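Peer 1: Once you've had a glance at the structure underneath, I'll fire off some questions.
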Amino acid sequence: MRNIWIITKRELAAYFSTPLAYVFIVTFLAGAGAVTFFMGDFFGRRQADLQSFFSFHPWLFLVLIPAVGMRLWAEERKTGTIELLMTLPVTTGEAVVGKFLAAWMFTGFALALTFPIWISVNYLGDPDNGVIFASYVGSLLMAGALLALASCLSALTRNQVIAFVIGSAASFLFLMSGLDLVLGMFRSWAPAYVLDMVSSLSFLTHFQTIADGVLPLPAIVFFLSMMAVCLFINAQIVELKKAS
Amino acid sequence: MSDLIEVQSLSKRFGSIVAVDDVTFSVPRGVVMGFLGPNGAGKSTTMRVITGYLPPTAGTARVLGHDIQKEPVEVKKRIGFLPEGAPLYGDMTVMSLLEFIAEIRQLAGSKAKQRIMYSIERMGLQQVLYQRVETLSKGFKRRVGFAQAILHDPDVLILDEPTDGLDPNQKHHVRELIRELGKNKAIIISTHILEEVDAVCDRAVIIDRGRVVSNGTPAELHARSRMHNSVVLQVRADAAAKAVKLLRGLNNVVAVESGTPHNGRVSLSVVPRGGKFIADEVGMAIRQNSIEVDEIHTEVGKLDEVFRQLTVGHEQAVLR
């Protein structure tokens, strides 16, 4: 645990020592605001809730989360610092978790900075704050699962651009796997249980159930196990790729 | 327990490529071992296995009795490692990097401060402490990498090309430091600068294509040179022919090689049979025949020649 936290601290500092952190936060906040007010028609709906805010999170994350996760391992491999890191007295698992936590905390920080919209909606009306809180938790969990996926994929390459592109593509598949767009690829040949399995992996569906305001256990377990599986695979990839 | 590092029948394959092939050696406390070989011979791979970065395909290595496969973290705690090219987190300042390493090496409080100050002082990093690593020159980066490796005062130091990219003054400085630290640590340095072997190493292991081709003291290496104990003399150019004829006639001489004339002088190398000591014999002969000599000395042997002899073939293939 101690080692994980030391690595997390270093990674967090690394985020804020480059312009990436500020570019990300500004883009995220501006993007979140823009989609809420223009595409989500926040005022036109004349409802005191944040549905028009949260419903666009998956699409913002689709582009922004891989941008946060792409550097995690690709950069270590590119600069060779992975050799320094992995010869310090830490295990691969500690390094993987420590780096992931830093990225997740950073994303959480950006998410927390959207608090003015929560205040605004309370000023304007009388929203169900329980639903809003649940949606924030859901958003954070989904971001974590997407980040774990991005971290895992960034271990495959030393090129951050490639890590970003495959991260975005994979995120898209997992977000959409409950929709016909993705299911159609499987429908023609796969048996029904495979279809069920694929659609049950849909981030969008699980996020929606949380955003409805009930924090259902299956959805929480789903996102947490998604993170665990991705990070486990991440550690295996790091081990395998050290040699090349 | 005298051997701090024991490498036993270590092999490492990448797919079908054999990078390290059945390598065995050990390094006791107080010894600086030079690890030599052409590029791609397997030096870095061997070091990466010993430091626990790469798992071996076969065989194993132990550091202070801890097996690298069974107790990798215990091994890593006891090693200071300078990887090839000294990779460092470029976004950190020198100070924050050293603090990070100290923390993860479980140094805390006044002990951490003291070790950080020591490393900074030894590597002369005072004026760049609050500069980001990526803005530093190659030499400074190497010194930060070195400072990071000695921070926790490890018993074992593994340095992959520690003087690469340093200017002659810095090279001298680093070699002195290695010599000093080597008094009570076990150190492995890889290098392809042969003068470094004479300058700092107590032992030298040469590997070629993944195999150990020589393991001995620098003196033993010198003795393997054809030029070991050869006598070099400077004579007047017009007397050269006579001298060559005379020296070739000596019993223990296999060959006399003459250089190109320079300022009316020619340098002759008298190569002994089987590395025998022939200075007496040569001296006697030139005196008796009154050949004027400007200079005379005995060669200990040329390391680069031994190196080429041991690693030939591959080396040429790489260069051409």
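The chains in the structure tokens are called A, B, ... from first to last as shown; in each chain the residues are counted from 1, and the ligands are counted from 1 in the order shown.
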Report as a list of chain:residue names the set of chain B residues whose atoms approach chain A to within 8 Å, with distances computed over only C-alpha atoms.
Peer 2: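 So the contacting residues turn out to be B:Phe14, B:Thr51, B:Gly52, B:Tyr53, B:Leu54, B:Pro72, B:Val73, B:Glu74, B:Val75, B:Lys76, B:Lys77, B:Phe81, B:Leu82, B:Pro83, B:Pro87, B:Leu88, B:Tyr89, B:Asp91, B:Met92, B:Phe100, B:Glu103, B:Ile104, B:Arg105.
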Peer 1: Do a neighbour search on Ala235 (chain A) at 7 Å with only C-alpha atoms, toss out local chain neighbours closer than 5 positions, and write the hits as a compact mmCIF listing (two decimals) with N, CA and C atoms, in the first residue's frame.
Peer 2:
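Once written, result-v5.txt looks like this:
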```
# COMPACT_ATOMS: atom_id res chain seq x y z
N THR A 92 5.19 -5.26 -9.85
CA THR A 92 4.51 -4.75 -11.04
C THR A 92 3.08 -4.32 -10.69
N GLY A 93 2.43 -5.13 -9.85
CA GLY A 93 1.05 -4.81 -9.45
C GLY A 93 0.97 -3.45 -8.76
N VAL A 96 1.33 -0.73 -11.36
CA VAL A 96 0.13 -0.61 -12.21
C VAL A 96 -0.99 0.11 -11.44
```
Peer 1: What's the 7 Å shell around region 132-149 of chain B, counting only C-alpha atoms, without same-chain residues fewer than 4 positions away, as a ChimeraX atom specification?
Peer 2: /B:80-82,86,89-94,98,101,119-120,123,165-166
Peer 1: Kindly export the residues of the current selection with N, CA and C atoms, as a compact mmCIF listing (two decimals), in the first residue's frame.
Peer 2:
```txt
# COMPACT_ATOMS: atom_id res chain seq x y z
N GLY B 80 21.85 -0.94 -6.34
CA GLY B 80 21.72 0.37 -6.96
C GLY B 80 21.99 0.16 -8.43
N PHE B 81 21.10 0.64 -9.28
CA PHE B 81 21.20 0.33 -10.71
C PHE B 81 21.18 1.60 -11.54
N LEU B 82 22.15 1.71 -12.40
CA LEU B 82 22.15 2.79 -13.39
C LEU B 82 21.88 2.14 -14.74
N ALA B 86 20.86 5.99 -18.70
CA ALA B 86 20.35 6.69 -17.52
C ALA B 86 18.96 7.28 -17.71
N TYR B 89 12.84 10.37 -14.97
CA TYR B 89 11.60 11.09 -15.23
C TYR B 89 11.92 12.55 -15.54
N GLY B 90 11.77 12.91 -16.81
CA GLY B 90 12.18 14.23 -17.26
C GLY B 90 11.35 15.36 -16.68
N ASP B 91 10.12 15.05 -16.25
CA ASP B 91 9.24 16.11 -15.77
C ASP B 91 9.51 16.49 -14.32
N MET B 92 10.43 15.73 -13.66
CA MET B 92 10.69 16.03 -12.25
C MET B 92 11.94 16.89 -12.12
N THR B 93 12.02 17.63 -11.02
CA THR B 93 13.27 18.32 -10.74
C THR B 93 14.22 17.30 -10.12
N VAL B 94 15.51 17.63 -10.14
CA VAL B 94 16.51 16.71 -9.60
C VAL B 94 16.17 16.38 -8.15
N LEU B 98 15.12 12.70 -6.55
CA LEU B 98 15.88 12.03 -5.49
C LEU B 98 15.01 11.75 -4.28
N ILE B 101 12.91 8.69 -5.06
CA ILE B 101 13.70 7.46 -4.94
C ILE B 101 13.95 7.13 -3.46
N SER B 119 24.57 12.20 -1.82
CA SER B 119 24.57 11.91 -3.26
C SER B 119 24.73 13.18 -4.08
N ILE B 120 24.04 14.23 -3.65
CA ILE B 120 24.12 15.50 -4.37
C ILE B 120 25.56 16.00 -4.37
N MET B 123 27.99 13.78 -6.50
CA MET B 123 27.84 13.90 -7.94
C MET B 123 27.85 15.35 -8.40
N GLY B 165 29.13 9.35 -22.43
CA GLY B 165 28.59 10.69 -22.58
C GLY B 165 29.17 11.73 -21.64
N LEU B 166 30.15 11.32 -20.84
CA LEU B 166 30.78 12.29 -19.93
C LEU B 166 32.05 12.85 -20.57
```
Peer 1: Near Ser225 (chain A), within 12 Å and counting only C-alpha atoms, which residues show up once chain neighbours fewer than 2 positions away are dropped, as a ChimeraX atom specification?
Peer 2: /A:141-142,144-146,148-149,201,217-223,227-232
Peer 1: Quick one: residues within 9 Å of region 168-172 of chain A, only C-alpha atoms, excluding same-chain residues fewer than 4 positions away - as an NGL selection string?
Peer 2: :A and (59 or 61-67 or 146 or 149-150 or 153 or 163-164 or 176-177 or 203)
Peer 1: In Å, with one decimal, what is the gap from CA of Leu10 (chain B) to CA of Gly216 (chain B)?
Peer 2: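 Going from CA of Leu10 (chain B) over to CA of Gly216 (chain B) covers 18.8 Å.
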Peer 1: Per DSSP on the backbone, filter region 16-238 of chain A down to the residues in alpha helix (DSSP H) and report them as an MDAnalysis selection string.
Peer 2: chainID A and resid 16:17 19:34 51:54 57:69 71:79 81:85 92:112 115:124 129:154 160:176 180:187 192:200 203:209 217:238
Peer 1: Name the residues in contact with Thr27 (chain A) at a cut-off of 10 Å, using only C-alpha atoms, excluding same-chain residues fewer than 5 positions from it; report them as a PDB file with N, CA and C atoms, in the first residue's frame.
Peer 2:
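Result written to part.pdb:
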```pdb
ATOM      1  N   ALA A  21      -2.465  18.504 -17.968  1.00  0.00           N
ATOM      2  CA  ALA A  21      -3.473  18.577 -16.916  1.00  0.00           C
ATOM      3  C   ALA A  21      -4.404  19.758 -17.158  1.00  0.00           C
ATOM      4  N   TYR A  22      -3.813  20.907 -17.460  1.00  0.00           N
ATOM      5  CA  TYR A  22      -4.621  22.116 -17.595  1.00  0.00           C
ATOM      6  C   TYR A  22      -5.439  22.070 -18.867  1.00  0.00           C
ATOM      7  N   ALA A  32     -18.096  19.966 -21.104  1.00  0.00           N
ATOM      8  CA  ALA A  32     -19.252  19.577 -20.290  1.00  0.00           C
ATOM      9  C   ALA A  32     -20.285  20.696 -20.288  1.00  0.00           C
ATOM     10  N   GLY A  33     -19.808  21.914 -20.157  1.00  0.00           N
ATOM     11  CA  GLY A  33     -20.722  23.056 -20.148  1.00  0.00           C
ATOM     12  C   GLY A  33     -21.426  23.198 -21.478  1.00  0.00           C
ATOM     13  N   LEU A  60     -18.032  12.559 -23.737  1.00  0.00           N
ATOM     14  CA  LEU A  60     -16.846  13.361 -23.392  1.00  0.00           C
ATOM     15  C   LEU A  60     -15.695  12.430 -23.015  1.00  0.00           C
ATOM     16  N   LEU A  64     -11.716  12.078 -23.962  1.00  0.00           N
ATOM     17  CA  LEU A  64     -10.815  12.654 -22.965  1.00  0.00           C
ATOM     18  C   LEU A  64     -10.120  11.605 -22.095  1.00  0.00           C
ATOM     19  N   ALA A 110     -11.042  16.645 -11.928  1.00  0.00           N
ATOM     20  CA  ALA A 110     -11.674  17.393 -13.012  1.00  0.00           C
ATOM     21  C   ALA A 110     -13.199  17.325 -12.885  1.00  0.00           C
TER      22      ALA A 110
END
```
Peer 1: If you run DSSP on the backbone here, which positions in region 96-227 of chain B get strand (DSSP E)? Please write them as an NGL selection string.
Peer 2: :B and (156-160 or 186-190 or 203-208 or 211-216)
Peer 1: Write the residues you've just listed into a file as a CSV table (one decimal), in the first residue's frame, and include N, CA and C atoms for each of them.
Peer 2:
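In the end it all went to again_3.csv:
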```
chain,number,residue,atom,x,y,z
B,156,VAL,N,25.4,-3.6,-3.5
B,156,VAL,CA,25.7,-4.0,-4.8
B,156,VAL,C,25.3,-2.8,-5.8
B,157,LEU,N,26.3,-2.5,-6.6
B,157,LEU,CA,26.0,-1.4,-7.6
B,157,LEU,C,26.2,-2.1,-9.0
B,158,ILE,N,25.2,-1.8,-9.9
B,158,ILE,CA,25.3,-2.3,-11.2
B,158,ILE,C,25.1,-1.1,-12.1
B,159,LEU,N,26.2,-0.8,-12.9
B,159,LEU,CA,26.2,0.4,-13.6
B,159,LEU,C,26.4,0.1,-15.1
B,160,ASP,N,25.4,0.4,-15.9
B,160,ASP,CA,25.5,0.1,-17.3
B,160,ASP,C,26.1,1.3,-18.1
B,186,ALA,N,30.2,-4.6,-3.9
B,186,ALA,CA,30.4,-5.4,-5.1
B,186,ALA,C,29.9,-4.6,-6.3
B,187,ILE,N,30.7,-4.3,-7.3
B,187,ILE,CA,30.2,-3.4,-8.4
B,187,ILE,C,30.5,-4.1,-9.7
B,188,ILE,N,29.5,-4.0,-10.6
B,188,ILE,CA,29.6,-4.4,-11.9
B,188,ILE,C,29.5,-3.2,-12.8
B,189,ILE,N,30.5,-2.9,-13.7
B,189,ILE,CA,30.3,-1.9,-14.6
B,189,ILE,C,30.4,-2.5,-16.0
B,190,SER,N,29.5,-2.1,-16.9
B,190,SER,CA,29.7,-2.5,-18.3
B,190,SER,C,30.4,-1.3,-19.0
B,203,ARG,N,38.6,-7.0,-11.8
B,203,ARG,CA,38.4,-8.2,-12.6
B,203,ARG,C,37.7,-7.8,-13.9
B,204,ALA,N,37.8,-8.6,-14.9
B,204,ALA,CA,37.2,-8.3,-16.2
B,204,ALA,C,36.6,-9.6,-16.7
B,205,VAL,N,35.3,-9.5,-17.1
B,205,VAL,CA,34.6,-10.6,-17.7
B,205,VAL,C,34.3,-10.1,-19.1
B,206,ILE,N,34.7,-10.9,-20.1
B,206,ILE,CA,34.4,-10.5,-21.5
B,206,ILE,C,33.3,-11.5,-22.0
B,207,ILE,N,32.3,-10.9,-22.6
B,207,ILE,CA,31.3,-11.8,-23.2
B,207,ILE,C,31.1,-11.5,-24.7
B,208,ASP,N,30.8,-12.5,-25.5
B,208,ASP,CA,30.7,-12.4,-26.9
B,208,ASP,C,29.5,-13.3,-27.3
B,211,ARG,N,28.1,-15.4,-24.6
B,211,ARG,CA,28.9,-16.4,-23.8
B,211,ARG,C,30.1,-15.7,-23.2
B,212,VAL,N,30.5,-16.2,-22.0
B,212,VAL,CA,31.7,-15.7,-21.4
B,212,VAL,C,32.9,-16.2,-22.1
B,213,VAL,N,33.7,-15.3,-22.7
B,213,VAL,CA,34.9,-15.8,-23.4
B,213,VAL,C,36.2,-15.6,-22.5
B,214,SER,N,36.1,-14.8,-21.5
B,214,SER,CA,37.3,-14.6,-20.6
B,214,SER,C,36.8,-14.1,-19.3
B,215,ASN,N,37.5,-14.5,-18.2
B,215,ASN,CA,37.2,-14.1,-16.9
B,215,ASN,C,38.5,-14.1,-16.1
B,216,GLY,N,39.0,-12.9,-15.8
B,216,GLY,CA,40.3,-12.9,-15.1
B,216,GLY,C,40.6,-11.5,-14.6
```
Peer 1: Show which residues sit within 12 Å of region 280-292 of chain B, as a ChimeraX atom specification. Count only C-alpha atoms, and ignore same-chain residues fewer than 3 positions away.
Peer 2: /B:229-253,256,265-266,268-272,276-277,295-298
Peer 1: For the residues in the current selection, export C-alpha atoms as a compact mmCIF listing (two decimals), in the first residue's frame.
Peer 2:
```txt
# COMPACT_ATOMS: atom_id res chain seq x y z
CA ASN B 229 56.25 -8.26 -22.74
CA SER B 230 57.19 -7.10 -26.21
CA VAL B 231 59.99 -4.55 -26.31
CA VAL B 232 59.48 -1.31 -28.17
CA LEU B 233 62.52 0.71 -29.18
CA GLN B 234 63.15 3.88 -31.13
CA VAL B 235 66.12 3.78 -33.46
CA ARG B 236 67.53 6.02 -36.20
CA ALA B 237 65.88 5.23 -39.51
CA ASP B 238 69.16 4.39 -41.22
CA ALA B 239 70.03 1.88 -38.52
CA ALA B 240 66.61 0.21 -38.59
CA ALA B 241 67.37 -2.48 -41.14
CA LYS B 242 70.45 -3.60 -39.22
CA ALA B 243 68.55 -3.65 -35.92
CA VAL B 244 65.65 -5.63 -37.36
CA LYS B 245 68.03 -8.24 -38.77
CA LEU B 246 69.88 -8.54 -35.50
CA LEU B 247 66.76 -8.78 -33.32
CA ARG B 248 65.08 -11.33 -35.55
CA GLY B 249 68.06 -13.57 -34.94
CA LEU B 250 67.43 -13.70 -31.21
CA ASN B 251 66.23 -16.94 -29.70
CA ASN B 252 63.03 -15.86 -28.00
CA VAL B 253 61.85 -13.44 -30.67
CA VAL B 256 60.05 -7.62 -35.26
CA ARG B 265 63.27 7.72 -36.23
CA VAL B 266 61.59 4.35 -36.51
CA LEU B 268 60.41 -1.25 -33.64
CA SER B 269 58.24 -3.71 -31.75
CA VAL B 270 60.02 -6.90 -30.80
CA VAL B 271 57.45 -9.64 -30.18
CA PRO B 272 58.54 -12.40 -27.78
CA LYS B 276 58.55 -14.42 -22.44
CA PHE B 277 60.40 -11.56 -20.78
CA GLU B 295 63.90 5.04 -26.14
CA ILE B 296 63.16 1.54 -24.95
CA HIS B 297 60.24 0.16 -22.98
CA THR B 298 58.34 -3.06 -22.37
```
Peer 1: One decimal, Å: what's the distance from CA of Arg209 (chain B) over to CA of Ala41 (chain B), could you say?
Peer 2: 4.6 Å
